Every structure is written in C-alpha cells, then in structure tokens.
$ cat query17.cif   # mmCIF, C-alpha atoms
data_input
#
loop_
_atom_site.group_PDB
_atom_site.id
_atom_site.type_symbol
_atom_site.label_atom_id
_atom_site.label_comp_id
_atom_site.auth_asym_id
_atom_site.auth_seq_id
_atom_site.Cartn_x
_atom_site.Cartn_y
_atom_site.Cartn_z
ATOM 1 C CA MET A 5 85.681 56.881 141.016
ATOM 2 C CA THR A 6 83.292 58.191 138.371
ATOM 3 C CA GLU A 7 85.552 56.761 135.662
ATOM 4 C CA ASN A 8 84.943 53.205 136.879
ATOM 5 C CA PHE A 9 81.751 53.221 138.942
ATOM 6 C CA PRO A 10 79.464 56.079 137.861
ATOM 7 C CA TYR A 11 76.371 54.369 139.313
ATOM 8 C CA LEU A 12 78.013 53.994 142.749
ATOM 9 C CA VAL A 13 78.847 57.684 142.896
ATOM 10 C CA LYS A 14 75.151 58.468 142.446
ATOM 11 C CA GLU A 15 74.044 55.844 145.004
ATOM 12 C CA ILE A 16 76.423 56.507 147.896
ATOM 13 C CA ASP A 17 77.868 59.606 149.498
ATOM 14 C CA LEU A 18 81.491 58.480 149.342
ATOM 15 C CA GLN A 19 83.624 59.874 152.150
ATOM 16 C CA VAL A 20 87.322 59.255 152.746
ATOM 17 C CA GLN A 21 88.413 59.512 156.371
ATOM 18 C CA GLU A 22 92.152 59.277 155.695
ATOM 19 C CA ALA A 23 94.504 58.491 152.801
ATOM 20 C CA GLN A 24 98.246 57.875 152.786
ATOM 21 C CA ARG A 25 100.940 56.386 150.561
ATOM 22 C CA THR A 26 103.080 53.559 151.861
ATOM 23 C CA PRO A 27 106.863 53.945 151.831
ATOM 24 C CA ASN A 28 108.816 52.324 149.017
ATOM 25 C CA LYS A 29 110.418 49.418 150.894
ATOM 26 C CA ARG A 30 111.826 47.276 148.112
ATOM 27 C CA ASN A 31 114.222 49.519 146.220
ATOM 28 C CA PRO A 32 114.084 53.278 146.724
ATOM 29 C CA LYS A 33 116.004 53.855 143.448
ATOM 30 C CA ARG A 34 113.449 51.931 141.397
ATOM 31 C CA THR A 35 110.231 53.691 140.446
ATOM 32 C CA THR A 36 107.779 50.948 141.368
ATOM 33 C CA PRO A 37 104.161 51.785 142.152
ATOM 34 C CA ARG A 38 103.380 52.244 145.818
ATOM 35 C CA HIS A 39 100.263 51.290 147.691
ATOM 36 C CA ILE A 40 97.777 53.919 148.734
ATOM 37 C CA ILE A 41 95.832 53.098 151.882
ATOM 38 C CA ILE A 42 92.417 54.695 152.153
ATOM 39 C CA LYS A 43 90.411 54.578 155.366
ATOM 40 C CA MET A 44 86.679 54.980 154.979
ATOM 41 C CA PRO A 45 84.261 55.789 157.813
ATOM 42 C CA ARG A 46 81.683 53.239 156.612
ATOM 43 C CA ALA A 47 82.778 49.635 156.026
ATOM 44 C CA LYS A 48 79.669 49.042 153.936
ATOM 45 C CA ASP A 49 80.901 51.564 151.312
ATOM 46 C CA LYS A 50 84.269 49.817 151.172
ATOM 47 C CA GLU A 51 82.585 46.462 150.596
ATOM 48 C CA ARG A 52 80.399 47.868 147.817
ATOM 49 C CA ILE A 53 83.408 49.378 146.037
ATOM 50 C CA LEU A 54 85.439 46.151 146.332
ATOM 51 C CA LYS A 55 82.487 44.097 145.084
ATOM 52 C CA ALA A 56 82.003 46.409 142.107
ATOM 53 C CA ALA A 57 85.746 46.203 141.341
ATOM 54 C CA ARG A 58 85.631 42.383 141.402
ATOM 55 C CA GLU A 59 82.642 42.377 139.067
ATOM 56 C CA ARG A 60 84.229 44.868 136.681
ATOM 57 C CA GLN A 61 87.599 43.052 136.725
ATOM 58 C CA SER A 62 89.416 46.022 135.166
ATOM 59 C CA VAL A 63 89.687 49.249 137.171
ATOM 60 C CA THR A 64 91.629 52.245 135.859
ATOM 61 C CA TYR A 65 92.882 55.571 137.137
ATOM 62 C CA LYS A 66 93.404 58.157 134.399
ATOM 63 C CA GLY A 67 93.436 55.306 131.897
ATOM 64 C CA VAL A 68 96.101 53.295 133.752
ATOM 65 C CA PRO A 69 95.041 49.900 135.196
ATOM 66 C CA ILE A 70 95.065 49.719 139.007
ATOM 67 C CA ARG A 71 94.199 47.022 141.535
ATOM 68 C CA LEU A 72 91.904 47.439 144.522
ATOM 69 C CA SER A 73 92.146 45.091 147.477
ATOM 70 C CA ALA A 74 91.092 44.948 151.107
ATOM 71 C CA ASP A 75 93.648 45.583 153.820
ATOM 72 C CA PHE A 76 93.953 42.549 156.077
ATOM 73 C CA SER A 77 94.986 42.286 159.707
ATOM 74 C CA THR A 78 98.466 41.118 160.721
ATOM 75 C CA GLU A 79 97.022 37.787 161.855
ATOM 76 C CA THR A 80 95.354 37.177 158.492
ATOM 77 C CA MET A 81 98.530 38.057 156.589
ATOM 78 C CA GLN A 82 100.581 35.698 158.803
ATOM 79 C CA ALA A 83 98.087 32.879 158.225
ATOM 80 C CA ARG A 84 98.358 33.433 154.456
ATOM 81 C CA ARG A 85 102.178 33.386 154.628
ATOM 82 C CA GLU A 86 102.042 30.016 156.365
ATOM 83 C CA TRP A 87 100.232 28.560 153.325
ATOM 84 C CA GLN A 88 102.791 29.867 150.789
ATOM 85 C CA GLU A 89 105.054 26.787 150.736
ATOM 86 C CA ILE A 90 102.082 24.445 150.408
ATOM 87 C CA PHE A 91 100.745 26.568 147.553
ATOM 88 C CA LYS A 92 104.130 26.512 145.770
ATOM 89 C CA VAL A 93 104.208 22.704 145.797
ATOM 90 C CA MET A 94 100.585 22.453 144.682
ATOM 91 C CA ASN A 95 101.089 25.025 141.906
ATOM 92 C CA ALA A 96 104.154 23.122 140.686
ATOM 93 C CA LYS A 97 101.919 20.066 140.331
ATOM 94 C CA ASN A 98 99.247 22.163 138.548
ATOM 95 C CA LEU A 99 96.660 21.544 141.296
ATOM 96 C CA GLN A 100 95.374 25.174 141.240
ATOM 97 C CA PRO A 101 95.087 25.701 145.028
ATOM 98 C CA ARG A 102 92.946 28.401 146.598
ATOM 99 C CA LEU A 103 91.746 29.245 150.083
ATOM 100 C CA LEU A 104 88.051 29.503 150.760
ATOM 101 C CA TYR A 105 86.934 31.299 153.881
ATOM 102 C CA PRO A 106 86.328 30.362 156.573
ATOM 103 C CA ALA A 107 89.471 28.187 156.457
ATOM 104 C CA LYS A 108 88.862 25.724 153.656
ATOM 105 C CA LEU A 109 91.481 24.619 151.150
ATOM 106 C CA SER A 110 90.366 23.898 147.620
ATOM 107 C CA PHE A 111 92.447 22.506 144.747
ATOM 108 C CA ARG A 112 91.935 20.904 141.356
ATOM 109 C CA ILE A 113 93.067 17.380 140.612
ATOM 110 C CA GLU A 114 92.243 15.365 137.514
ATOM 111 C CA GLY A 115 89.804 18.045 136.369
ATOM 112 C CA HIS A 116 87.782 18.128 139.619
ATOM 113 C CA PHE A 117 87.957 20.556 142.534
ATOM 114 C CA VAL A 118 88.538 19.051 145.972
ATOM 115 C CA ILE A 119 87.584 21.017 149.092
ATOM 116 C CA LEU A 120 89.170 20.152 152.436
#
$ encode --input "query17.cif" --output "structure tokens"
Amino acid sequence: MTENFPYLVKEIDLQVQEAQRTPNKRNPKRTTPRHIIIKMPRAKDKERILKAARERQSVTYKGVPIRLSADFSTETMQARREWQEIFKVMNAKNLQPRLLYPAKLSFRIEGHFVIL
C-alpha cells in the first residue's frame, strides 16, 4: 500500500476485514496468477483506493504490476456477459464499444462517440 499510495496510508486508517485467495479454476498445472479478494469494513476506503489506482494507472506489488478492481454482484456479472457478443461484433468493426452506467451504451463511429 505504501509503495503505491503513500498519501492514502497517512490519510486513512486502512483496515482489512477478511482476505482470501480464489481457487485456480482454469488449469491447476499452470502457474497463473490467482485473484485475492479483500473485504474491507468501510466501503468509502475501498472507493478511495480504487479511485487512486485508476488515477495512477500502474499499481505494483514488490515491483510487479498488479490490477485492482471492484468485485461485482452475480447480477452485474451476468448483465455484462449478455453484452459480450454485441461487443465482439462492434470491436470487429472497430466501433470501440463501452458501457456507461447507469445502463448506457457508447461506441465510436466515424470518429465520433455515440451514446444510446
């Protein structure tokens, strides 16, 4: 934490309620990185850390780049999966799709972004 966000460590009293590693589902023989899920007692601290990570764009742990992301509900993940095929077609046509919340689709066509 101090390696990436020294000012946040001074500002907030960071507390971890629970931490666990996810099982390696894809191929147990392959040494792929696994996710670590951290539960924090204060959602506000989580949001501040994620915001700082987005602003920094490059977060490391012992010099190795890592990625921080929010854990979404099952419903949110299912909704995102339903957009995958649409995104594949749009990406193939170089339309650069993205979802804007709450529930807006944005894509680029002829150099301009269109929001639906």
$ residues_around --input "query17.cif" --residues "Ala47 of chain A" --least-positions-apart "6" --cutoff "12 Å" --atoms "all atoms listed in the file" --output "PyMOL selection string"
chain A and resi 18-21+53-54+74-75
$ closest_residue --input "query17.cif" --among "A:Asn8, A:Asn98, A:Gln24, A:Ser77" --to "Ile41 of chain A" --atoms "only C-alpha atoms"
A:Gln24
$ residues_around --input "query17.cif" --residues "Arg102 of chain A" --least-positions-apart "5" --cutoff "8 Å" --atoms "only C-alpha atoms" --output "list in words"
Leu109, Ser110 and Phe111 of chain A
$ write_last_selection --input "query17.cif" --atoms "C-alpha atoms" --output "PDB file, in the frame of the given file"
ATOM      1  CA  LEU A 109      91.481  24.619 151.150  1.00  0.00           C
ATOM      2  CA  SER A 110      90.366  23.898 147.620  1.00  0.00           C
ATOM      3  CA  PHE A 111      92.447  22.506 144.747  1.00  0.00           C
TER       4      PHE A 111
END
$ closest_residue --input "query17.cif" --among "A:Arg58, A:Glu79, A:Leu99, A:Tyr65" --to "Ile119 of chain A" --atoms "all atoms listed in the file"
A:Leu99
$ residues_near_point --input "query17.cif" --point "(76.6, 50.6, 149.3)" --cutoff "12 Å" --atoms "all atoms listed in the file" --output "list of chain:residue names"
A:Phe9, A:Tyr11, A:Leu12, A:Val13, A:Lys14, A:Glu15, A:Ile16, A:Asp17, A:Leu18, A:Gln19, A:Arg46, A:Ala47, A:Lys48, A:Asp49, A:Lys50, A:Glu51, A:Arg52, A:Ile53, A:Leu54, A:Lys55, A:Ala56
$ build_atoms --input "query17.cif" --residues "segment 33-64 of chain A" --atoms "N, CA and C atoms" --output "compact mmCIF listing (two decimals), in the frame of the given file"
# COMPACT_ATOMS: atom_id res chain seq x y z
N LYS A 33 115.51 53.30 144.71
CA LYS A 33 116.00 53.86 143.45
C LYS A 33 115.11 53.45 142.27
N ARG A 34 114.32 52.42 142.46
CA ARG A 34 113.45 51.93 141.40
C ARG A 34 112.08 52.59 141.52
N THR A 35 111.51 53.00 140.42
CA THR A 35 110.23 53.69 140.45
C THR A 35 109.07 52.70 140.32
N THR A 36 108.89 51.90 141.35
CA THR A 36 107.78 50.95 141.37
C THR A 36 106.55 51.62 141.97
N PRO A 37 105.37 51.19 141.57
CA PRO A 37 104.16 51.78 142.15
C PRO A 37 104.08 51.48 143.64
N ARG A 38 103.55 52.43 144.39
CA ARG A 38 103.38 52.24 145.82
C ARG A 38 101.91 52.10 146.14
N HIS A 39 101.64 51.47 147.25
CA HIS A 39 100.26 51.29 147.69
C HIS A 39 99.74 52.59 148.28
N ILE A 40 98.47 52.80 148.09
CA ILE A 40 97.78 53.92 148.73
C ILE A 40 96.72 53.30 149.64
N ILE A 41 96.78 53.63 150.91
CA ILE A 41 95.83 53.10 151.88
C ILE A 41 94.78 54.17 152.14
N ILE A 42 93.53 53.77 151.95
CA ILE A 42 92.42 54.70 152.15
C ILE A 42 91.53 54.15 153.26
N LYS A 43 91.29 54.97 154.26
CA LYS A 43 90.41 54.58 155.37
C LYS A 43 89.07 55.27 155.16
N MET A 44 88.02 54.45 155.20
CA MET A 44 86.68 54.98 154.98
C MET A 44 85.87 54.86 156.27
N PRO A 45 85.02 55.84 156.57
CA PRO A 45 84.26 55.79 157.81
C PRO A 45 83.19 54.69 157.83
N ARG A 46 82.73 54.27 156.66
CA ARG A 46 81.68 53.24 156.61
C ARG A 46 82.21 52.00 155.89
N ALA A 47 82.28 50.89 156.60
CA ALA A 47 82.78 49.64 156.03
C ALA A 47 81.88 49.16 154.89
N LYS A 48 80.61 49.47 154.97
CA LYS A 48 79.67 49.04 153.94
C LYS A 48 80.04 49.65 152.56
N ASP A 49 80.48 50.93 152.56
CA ASP A 49 80.90 51.56 151.31
C ASP A 49 82.12 50.87 150.73
N LYS A 50 83.07 50.52 151.62
CA LYS A 50 84.27 49.82 151.17
C LYS A 50 83.90 48.50 150.52
N GLU A 51 83.00 47.76 151.14
CA GLU A 51 82.58 46.46 150.60
C GLU A 51 81.90 46.62 149.25
N ARG A 52 81.09 47.65 149.10
CA ARG A 52 80.40 47.87 147.82
C ARG A 52 81.40 48.21 146.71
N ILE A 53 82.40 49.01 147.03
CA ILE A 53 83.41 49.38 146.04
C ILE A 53 84.23 48.15 145.65
N LEU A 54 84.66 47.36 146.63
CA LEU A 54 85.44 46.15 146.33
C LEU A 54 84.62 45.15 145.53
N LYS A 55 83.35 45.00 145.84
CA LYS A 55 82.49 44.10 145.08
C LYS A 55 82.34 44.57 143.64
N ALA A 56 82.12 45.86 143.46
CA ALA A 56 82.00 46.41 142.11
C ALA A 56 83.31 46.23 141.33
N ALA A 57 84.45 46.38 142.00
CA ALA A 57 85.75 46.20 141.34
C ALA A 57 85.94 44.75 140.91
N ARG A 58 85.53 43.80 141.76
CA ARG A 58 85.63 42.38 141.40
C ARG A 58 84.75 42.07 140.20
N GLU A 59 83.55 42.63 140.18
CA GLU A 59 82.64 42.38 139.07
C GLU A 59 83.15 43.00 137.78
N ARG A 60 83.73 44.16 137.87
CA ARG A 60 84.23 44.87 136.68
C ARG A 60 85.51 44.24 136.16
N GLN A 61 86.34 43.74 137.02
CA GLN A 61 87.60 43.05 136.72
C GLN A 61 88.70 43.96 136.21
N SER A 62 88.39 45.11 135.65
CA SER A 62 89.42 46.02 135.17
C SER A 62 89.09 47.43 135.66
N VAL A 63 89.89 47.92 136.61
CA VAL A 63 89.69 49.25 137.17
C VAL A 63 90.86 50.12 136.73
N THR A 64 90.57 51.36 136.34
CA THR A 64 91.63 52.24 135.86
C THR A 64 91.62 53.56 136.63
